[in-house]
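Reproduced below: query-v1.pdb, with PDB, C-alpha atoms.
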ATOM      1  CA  MET J   1      16.642  19.928 -20.868  1.00  0.00           C
ATOM      2  CA  ARG J   2      16.051  23.555 -21.824  1.00  0.00           C
ATOM      3  CA  ARG J   3      13.076  25.106 -20.053  1.00  0.00           C
ATOM      4  CA  PHE J   4      12.406  27.677 -22.753  1.00  0.00           C
ATOM      5  CA  THR J   5      12.996  28.332 -26.423  1.00  0.00           C
ATOM      6  CA  GLU J   6      14.519  31.443 -27.912  1.00  0.00           C
ATOM      7  CA  THR J   7      13.646  33.178 -31.158  1.00  0.00           C
ATOM      8  CA  ILE J   8      15.259  36.340 -32.425  1.00  0.00           C
ATOM      9  CA  ASN J   9      12.967  39.332 -32.637  1.00  0.00           C
ATOM     10  CA  GLN J  10      14.397  41.899 -35.053  1.00  0.00           C
ATOM     11  CA  HIS J  11      12.569  44.771 -33.320  1.00  0.00           C
ATOM     12  CA  THR J  12      14.402  44.391 -29.989  1.00  0.00           C
ATOM     13  CA  LYS J  13      17.976  43.789 -28.958  1.00  0.00           C
ATOM     14  CA  TYR J  14      16.912  40.904 -26.680  1.00  0.00           C
ATOM     15  CA  PRO J  15      15.679  37.473 -27.718  1.00  0.00           C
ATOM     16  CA  ASP J  16      12.043  36.674 -27.060  1.00  0.00           C
ATOM     17  CA  VAL J  17      11.706  33.884 -24.554  1.00  0.00           C
ATOM     18  CA  VAL J  18       8.744  31.564 -24.667  1.00  0.00           C
ATOM     19  CA  PRO J  19       8.520  30.023 -21.187  1.00  0.00           C
ATOM     20  CA  VAL J  20       7.079  26.757 -20.044  1.00  0.00           C
ATOM     21  CA  LYS J  21       3.443  27.414 -19.099  1.00  0.00           C
ATOM     22  CA  GLY J  22       3.232  28.829 -15.588  1.00  0.00           C
ATOM     23  CA  LEU J  23       6.694  30.407 -15.431  1.00  0.00           C
ATOM     24  CA  VAL J  24       7.041  34.175 -14.994  1.00  0.00           C
ATOM     25  CA  LEU J  25       9.876  35.946 -16.827  1.00  0.00           C
ATOM     26  CA  ILE J  26      12.252  38.266 -14.966  1.00  0.00           C
ATOM     27  CA  HIS J  27      14.446  40.531 -17.138  1.00  0.00           C
ATOM     28  CA  LEU J  28      17.701  41.331 -15.342  1.00  0.00           C
ATOM     29  CA  PHE J  29      20.989  42.591 -16.829  1.00  0.00           C
ATOM     30  CA  ASN J  30      19.981  41.718 -20.404  1.00  0.00           C
ATOM     31  CA  LYS J  31      19.287  38.115 -19.338  1.00  0.00           C
ATOM     32  CA  VAL J  32      16.039  36.300 -18.649  1.00  0.00           C
ATOM     33  CA  TRP J  33      15.433  34.572 -15.311  1.00  0.00           C
ATOM     34  CA  ARG J  34      12.250  32.586 -14.656  1.00  0.00           C
ATOM     35  CA  ILE J  35      10.230  31.654 -11.578  1.00  0.00           C
ATOM     36  CA  GLY J  36       7.644  28.950 -11.081  1.00  0.00           C
ATOM     37  CA  GLY J  37       4.564  29.057  -8.906  1.00  0.00           C
ATOM     38  CA  ILE J  38       4.192  27.992  -5.294  1.00  0.00           C
ATOM     39  CA  LYS J  39       4.096  24.306  -4.435  1.00  0.00           C
ATOM     40  CA  ILE J  40       3.685  22.761  -0.993  1.00  0.00           C
ATOM     41  CA  VAL J  41       6.603  20.404  -0.296  1.00  0.00           C
ATOM     42  CA  ASP J  42       6.714  18.616   3.064  1.00  0.00           C
ATOM     43  CA  GLY J  43       4.239  21.144   4.444  1.00  0.00           C
ATOM     44  CA  LYS J  44       6.358  24.160   3.413  1.00  0.00           C
ATOM     45  CA  ARG J  45       5.810  26.682   0.616  1.00  0.00           C
ATOM     46  CA  HIS J  46       8.370  26.238  -2.147  1.00  0.00           C
ATOM     47  CA  SER J  47       9.221  27.858  -5.469  1.00  0.00           C
ATOM     48  CA  ILE J  48      12.106  27.573  -7.924  1.00  0.00           C
ATOM     49  CA  ILE J  49      13.940  30.427  -9.636  1.00  0.00           C
ATOM     50  CA  TYR J  50      15.749  29.456 -12.839  1.00  0.00           C
ATOM     51  CA  SER J  51      18.841  31.428 -13.881  1.00  0.00           C
ATOM     52  CA  PRO J  52      19.587  32.214 -17.550  1.00  0.00           C
ATOM     53  CA  ASP J  53      21.843  29.126 -17.659  1.00  0.00           C
ATOM     54  CA  ASP J  54      19.052  26.948 -16.132  1.00  0.00           C
ATOM     55  CA  LYS J  55      20.596  26.688 -12.674  1.00  0.00           C
ATOM     56  CA  GLU J  56      17.864  26.177 -10.081  1.00  0.00           C
ATOM     57  CA  TYR J  57      17.547  28.221  -6.881  1.00  0.00           C
ATOM     58  CA  HIS J  58      15.048  26.783  -4.407  1.00  0.00           C
ATOM     59  CA  VAL J  59      13.195  29.341  -2.286  1.00  0.00           C
ATOM     60  CA  TRP J  60      11.233  28.389   0.832  1.00  0.00           C
ATOM     61  CA  GLY J  61       8.693  29.797   3.292  1.00  0.00           C
ATOM     62  CA  LYS J  62       8.432  33.543   3.905  1.00  0.00           C
ATOM     63  CA  ASP J  63      10.808  34.340   1.042  1.00  0.00           C
ATOM     64  CA  VAL J  64       8.337  32.751  -1.399  1.00  0.00           C
ATOM     65  CA  LEU J  65       5.420  34.750   0.026  1.00  0.00           C
ATOM     66  CA  SER J  66       7.423  37.981  -0.302  1.00  0.00           C
ATOM     67  CA  PHE J  67       7.099  37.675  -4.113  1.00  0.00           C
ATOM     68  CA  TYR J  68       3.333  38.255  -3.971  1.00  0.00           C
ATOM     69  CA  SER J  69       1.515  41.549  -3.479  1.00  0.00           C
ATOM     70  CA  ASN J  70      -0.863  40.176  -0.825  1.00  0.00           C
ATOM     71  CA  PRO J  71       0.930  37.413   1.117  1.00  0.00           C
ATOM     72  CA  ASP J  72      -1.620  37.540   3.963  1.00  0.00           C
ATOM     73  CA  ASP J  73      -4.320  36.141   1.692  1.00  0.00           C
ATOM     74  CA  PRO J  74      -4.028  32.397   2.416  1.00  0.00           C
ATOM     75  CA  ASP J  75      -5.530  31.304  -0.906  1.00  0.00           C
ATOM     76  CA  GLY J  76      -5.048  34.244  -3.270  1.00  0.00           C
ATOM     77  CA  HIS J  77      -1.323  33.800  -3.826  1.00  0.00           C
ATOM     78  CA  TYR J  78      -1.924  30.436  -5.472  1.00  0.00           C
ATOM     79  CA  PHE J  79      -3.898  32.132  -8.236  1.00  0.00           C
ATOM     80  CA  ASN J  80      -1.775  35.256  -8.646  1.00  0.00           C
ATOM     81  CA  LYS J  81       1.573  35.412 -10.383  1.00  0.00           C
ATOM     82  CA  PRO J  82       4.662  36.613  -8.517  1.00  0.00           C
ATOM     83  CA  ASP J  83       5.551  40.292  -8.944  1.00  0.00           C
ATOM     84  CA  PRO J  84       8.630  40.402 -11.250  1.00  0.00           C
ATOM     85  CA  ALA J  85      10.000  43.473  -9.419  1.00  0.00           C
ATOM     86  CA  ARG J  86       9.915  41.662  -6.059  1.00  0.00           C
ATOM     87  CA  VAL J  87      11.565  38.578  -7.545  1.00  0.00           C
ATOM     88  CA  LYS J  88      14.216  40.798  -9.157  1.00  0.00           C
ATOM     89  CA  ILE J  89      14.994  42.367  -5.762  1.00  0.00           C
ATOM     90  CA  TYR J  90      15.346  38.876  -4.259  1.00  0.00           C
ATOM     91  CA  ILE J  91      17.686  37.781  -7.055  1.00  0.00           C
ATOM     92  CA  LEU J  92      19.834  40.911  -6.644  1.00  0.00           C
ATOM     93  CA  THR J  93      20.090  40.720  -2.854  1.00  0.00           C
ATOM     94  CA  SER J  94      19.987  36.990  -2.112  1.00  0.00           C
ATOM     95  CA  ILE J  95      21.211  35.051  -5.146  1.00  0.00           C
ATOM     96  CA  LEU J  96      23.714  37.349  -6.869  1.00  0.00           C
ATOM     97  CA  ASP J  97      24.939  38.763  -3.542  1.00  0.00           C
ATOM     98  CA  GLU J  98      24.818  37.838   0.138  1.00  0.00           C
ATOM     99  CA  ARG J  99      21.701  39.032   1.940  1.00  0.00           C
ATOM    100  CA  SER J 100      23.809  40.058   4.955  1.00  0.00           C
ATOM    101  CA  LYS J 101      25.422  42.782   2.809  1.00  0.00           C
ATOM    102  CA  TRP J 102      22.072  44.582   2.334  1.00  0.00           C
ATOM    103  CA  CYS J 103      20.098  46.718   4.780  1.00  0.00           C
ATOM    104  CA  PHE J 104      16.315  46.589   4.381  1.00  0.00           C
ATOM    105  CA  ASP J 105      15.660  48.834   7.399  1.00  0.00           C
ATOM    106  CA  LEU J 106      15.597  52.314   5.887  1.00  0.00           C
ATOM    107  CA  LYS J 107      15.379  53.868   9.359  1.00  0.00           C
ATOM    108  CA  SER J 108      19.040  52.914   9.588  1.00  0.00           C
ATOM    109  CA  LYS J 109      20.847  55.460   7.430  1.00  0.00           C
ATOM    110  CA  PRO J 110      24.372  55.729   6.075  1.00  0.00           C
ATOM    111  CA  GLU J 111      26.267  58.949   6.689  1.00  0.00           C
ATOM    112  CA  ALA J 112      25.298  61.937   4.545  1.00  0.00           C
ATOM    113  CA  GLY J 113      27.472  62.491   1.478  1.00  0.00           C
ATOM    114  CA  LYS J 114      28.376  58.788   1.181  1.00  0.00           C
ATOM    115  CA  LEU J 115      28.034  56.976  -2.160  1.00  0.00           C
ATOM    116  CA  VAL J 116      25.396  54.248  -1.663  1.00  0.00           C
ATOM    117  CA  LYS J 117      24.043  51.496  -3.946  1.00  0.00           C
ATOM    118  CA  VAL J 118      20.230  51.527  -3.637  1.00  0.00           C
ATOM    119  CA  VAL J 119      17.600  49.095  -4.924  1.00  0.00           C
ATOM    120  CA  TYR J 120      14.200  50.648  -5.664  1.00  0.00           C
ATOM    121  CA  ASN J 121      10.775  49.009  -5.516  1.00  0.00           C
ATOM    122  CA  ASN J 122      10.701  48.205  -9.249  1.00  0.00           C
ATOM    123  CA  GLY J 123      14.117  46.489  -9.139  1.00  0.00           C
ATOM    124  CA  THR J 124      16.109  49.468 -10.449  1.00  0.00           C
ATOM    125  CA  ILE J 125      19.618  49.777  -8.992  1.00  0.00           C
ATOM    126  CA  LYS J 126      21.255  53.193  -8.680  1.00  0.00           C
ATOM    127  CA  ASN J 127      24.388  54.531  -7.051  1.00  0.00           C
ATOM    128  CA  ILE J 128      23.429  57.735  -5.261  1.00  0.00           C
ATOM    129  CA  THR J 129      25.155  60.206  -3.002  1.00  0.00           C
ATOM    130  CA  PHE J 130      23.090  59.926   0.164  1.00  0.00           C
ATOM    131  CA  SER J 131      21.624  63.296   1.188  1.00  0.00           C
ATOM    132  CA  GLY J 132      20.682  62.271   4.718  1.00  0.00           C
ATOM    133  CA  GLU J 133      17.083  61.305   3.840  1.00  0.00           C
ATOM    134  CA  TRP J 134      15.709  58.597   1.564  1.00  0.00           C
ATOM    135  CA  GLU J 135      14.060  60.123  -1.493  1.00  0.00           C
ATOM    136  CA  SER J 136      11.875  58.743  -4.245  1.00  0.00           C
ATOM    137  CA  ILE J 137      13.167  59.230  -7.773  1.00  0.00           C
ATOM    138  CA  GLU J 138      11.461  59.416 -11.140  1.00  0.00           C
ATOM    139  CA  ILE J 139      12.633  57.236 -13.987  1.00  0.00           C
ATOM    140  CA  PRO J 140      11.491  57.433 -17.622  1.00  0.00           C
ATOM    141  CA  HIS J 141       8.399  55.342 -18.388  1.00  0.00           C
ATOM    142  CA  ASN J 142      10.323  53.139 -20.830  1.00  0.00           C
ATOM    143  CA  TYR J 143      13.262  52.557 -18.453  1.00  0.00           C
ATOM    144  CA  HIS J 144      11.628  49.447 -17.045  1.00  0.00           C
ATOM    145  CA  ILE J 145       9.474  47.857 -19.730  1.00  0.00           C
ATOM    146  CA  GLY J 146       6.335  46.270 -18.363  1.00  0.00           C
ATOM    147  CA  TYR J 147       6.331  48.154 -15.059  1.00  0.00           C
ATOM    148  CA  GLU J 148       4.189  51.058 -16.172  1.00  0.00           C
ATOM    149  CA  LYS J 149       0.463  50.678 -16.621  1.00  0.00           C
ATOM    150  CA  GLU J 150      -0.696  50.105 -20.163  1.00  0.00           C
ATOM    151  CA  GLY J 151      -1.003  53.389 -22.006  1.00  0.00           C
ATOM    152  CA  SER J 152       0.983  55.323 -19.412  1.00  0.00           C
ATOM    153  CA  LEU J 153       3.600  57.635 -20.881  1.00  0.00           C
ATOM    154  CA  SER J 154       4.493  59.517 -17.711  1.00  0.00           C
ATOM    155  CA  ASP J 155       7.595  58.950 -15.653  1.00  0.00           C
ATOM    156  CA  ILE J 156       7.474  56.339 -12.894  1.00  0.00           C
ATOM    157  CA  LYS J 157       8.130  57.344  -9.291  1.00  0.00           C
ATOM    158  CA  VAL J 158      10.067  54.635  -7.425  1.00  0.00           C
ATOM    159  CA  THR J 159      10.976  54.419  -3.747  1.00  0.00           C
ATOM    160  CA  PRO J 160      14.026  52.843  -2.062  1.00  0.00           C
ATOM    161  CA  VAL J 161      13.668  49.317  -0.682  1.00  0.00           C
ATOM    162  CA  CYS J 162      17.195  48.591   0.538  1.00  0.00           C
ATOM    163  CA  TYR J 163      20.794  49.709   0.276  1.00  0.00           C
ATOM    164  CA  ARG J 164      24.111  47.903   0.238  1.00  0.00           C
ATOM    165  CA  LEU J 165      26.213  48.056   3.350  1.00  0.00           C
ATOM    166  CA  SER J 166      29.839  48.905   2.639  1.00  0.00           C
TER     167      SER J 166
END
Any chance you could give the structure as C-alpha cells?
Amino acid sequence: MRRFTETINQHTKYPDVVPVKGLVLIHLFNKVWRIGGIKIVDGKRHSIIYSPDDKEYHVWGKDVLSFYSNPDDPDGHYFNKPDPARVKIYILTSILDERSKWCFDLKSKPEAGKLVKVVYNNGTIKNITFSGEWESIEIPHNYHIGYEKEGSLSDIKVTPVCYRLS
C-alpha cells in the first residue's frame, strides 16, 4: 500500500507529496523520504523511516532521540516533530552508507590539503579541500528550501557535523 499520493505541481520540478498524517517529509537527492513519530515498543523508543520506494528502516533508542532538538526533555519530543536536517544526516550516514565510514568527532582531523566529503548541520554535503581547521560555510538562502526562517533572504551559515573517512 502506498503511504502517500503524488500530484504534479507545474511550478516546481518535484512532485508534491501529501503524506499520511503525522509523517514528516525529508527531501534528499530529488526524492522524498518520510519519518513517523516516536512509539514505545517493548519499552524502547522506536520510529520508522520510509524510503522513496516505501522500504522501511526501523530506528531504535538513542538514534531516534537524536532526531529531536531537545532529546533531554522526557515528554517534549512526543509533541515535537523530528528535525528534517537531523533525519537527513542519519539517512546519509547510516542508511545510504555505513556509519563506521563517518567520523563525528571533529577534534579528529584529516591531513591538511586532503579532499574530504563533509556533511553540514542542515544536511548539505560538500567535497572540500581540508585547510587544517573546520570552517563554517555560507550557502544561498534558497539552496535548502525550508531551512531558512520565513521571510529570510540572507545566506545561511552552516557548520560541519561529520566527515567521511577514506
State, in Å with one decimal place, the distance from CA of Ile49 (chain J) to CA of Phe67 (chain J).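 Pair CA of Ile49 (chain J) / CA of Phe67 (chain J) returns 11.4 Å.
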Residues matched by the PyMOL selection byres ((chain J and resi 92-97) around 9), written as a list of chain:residue names: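 Expected selection for the PyMOL selection byres ((chain J and resi 92-97) around 9) here is J:Leu28, J:Tyr57, J:Val87, J:Lys88, J:Ile89, J:Tyr90, J:Ile91, J:Glu98, J:Arg99, J:Ser100, J:Lys101, J:Trp102, J:Val119, J:Gly123, J:Arg164.
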Hey, what's within 7 Å of region 30-41 of chain J if we count all atoms listed in the file and toss same-chain stuff fewer than 6 positions away? As a PyMOL selection string, please? chain J and resi 22-24+47-52+78
Work out how far CA of Pro82 (chain J) is from CA of Ser69 (chain J), in Å to one decimal. 7.7 Å
Looking at J:Phe29, J:Phe104, J:Tyr163, J:Tyr68, which one is nearest to Ile128 (chain J), with distances taken over all atoms listed in the file? J:Tyr163
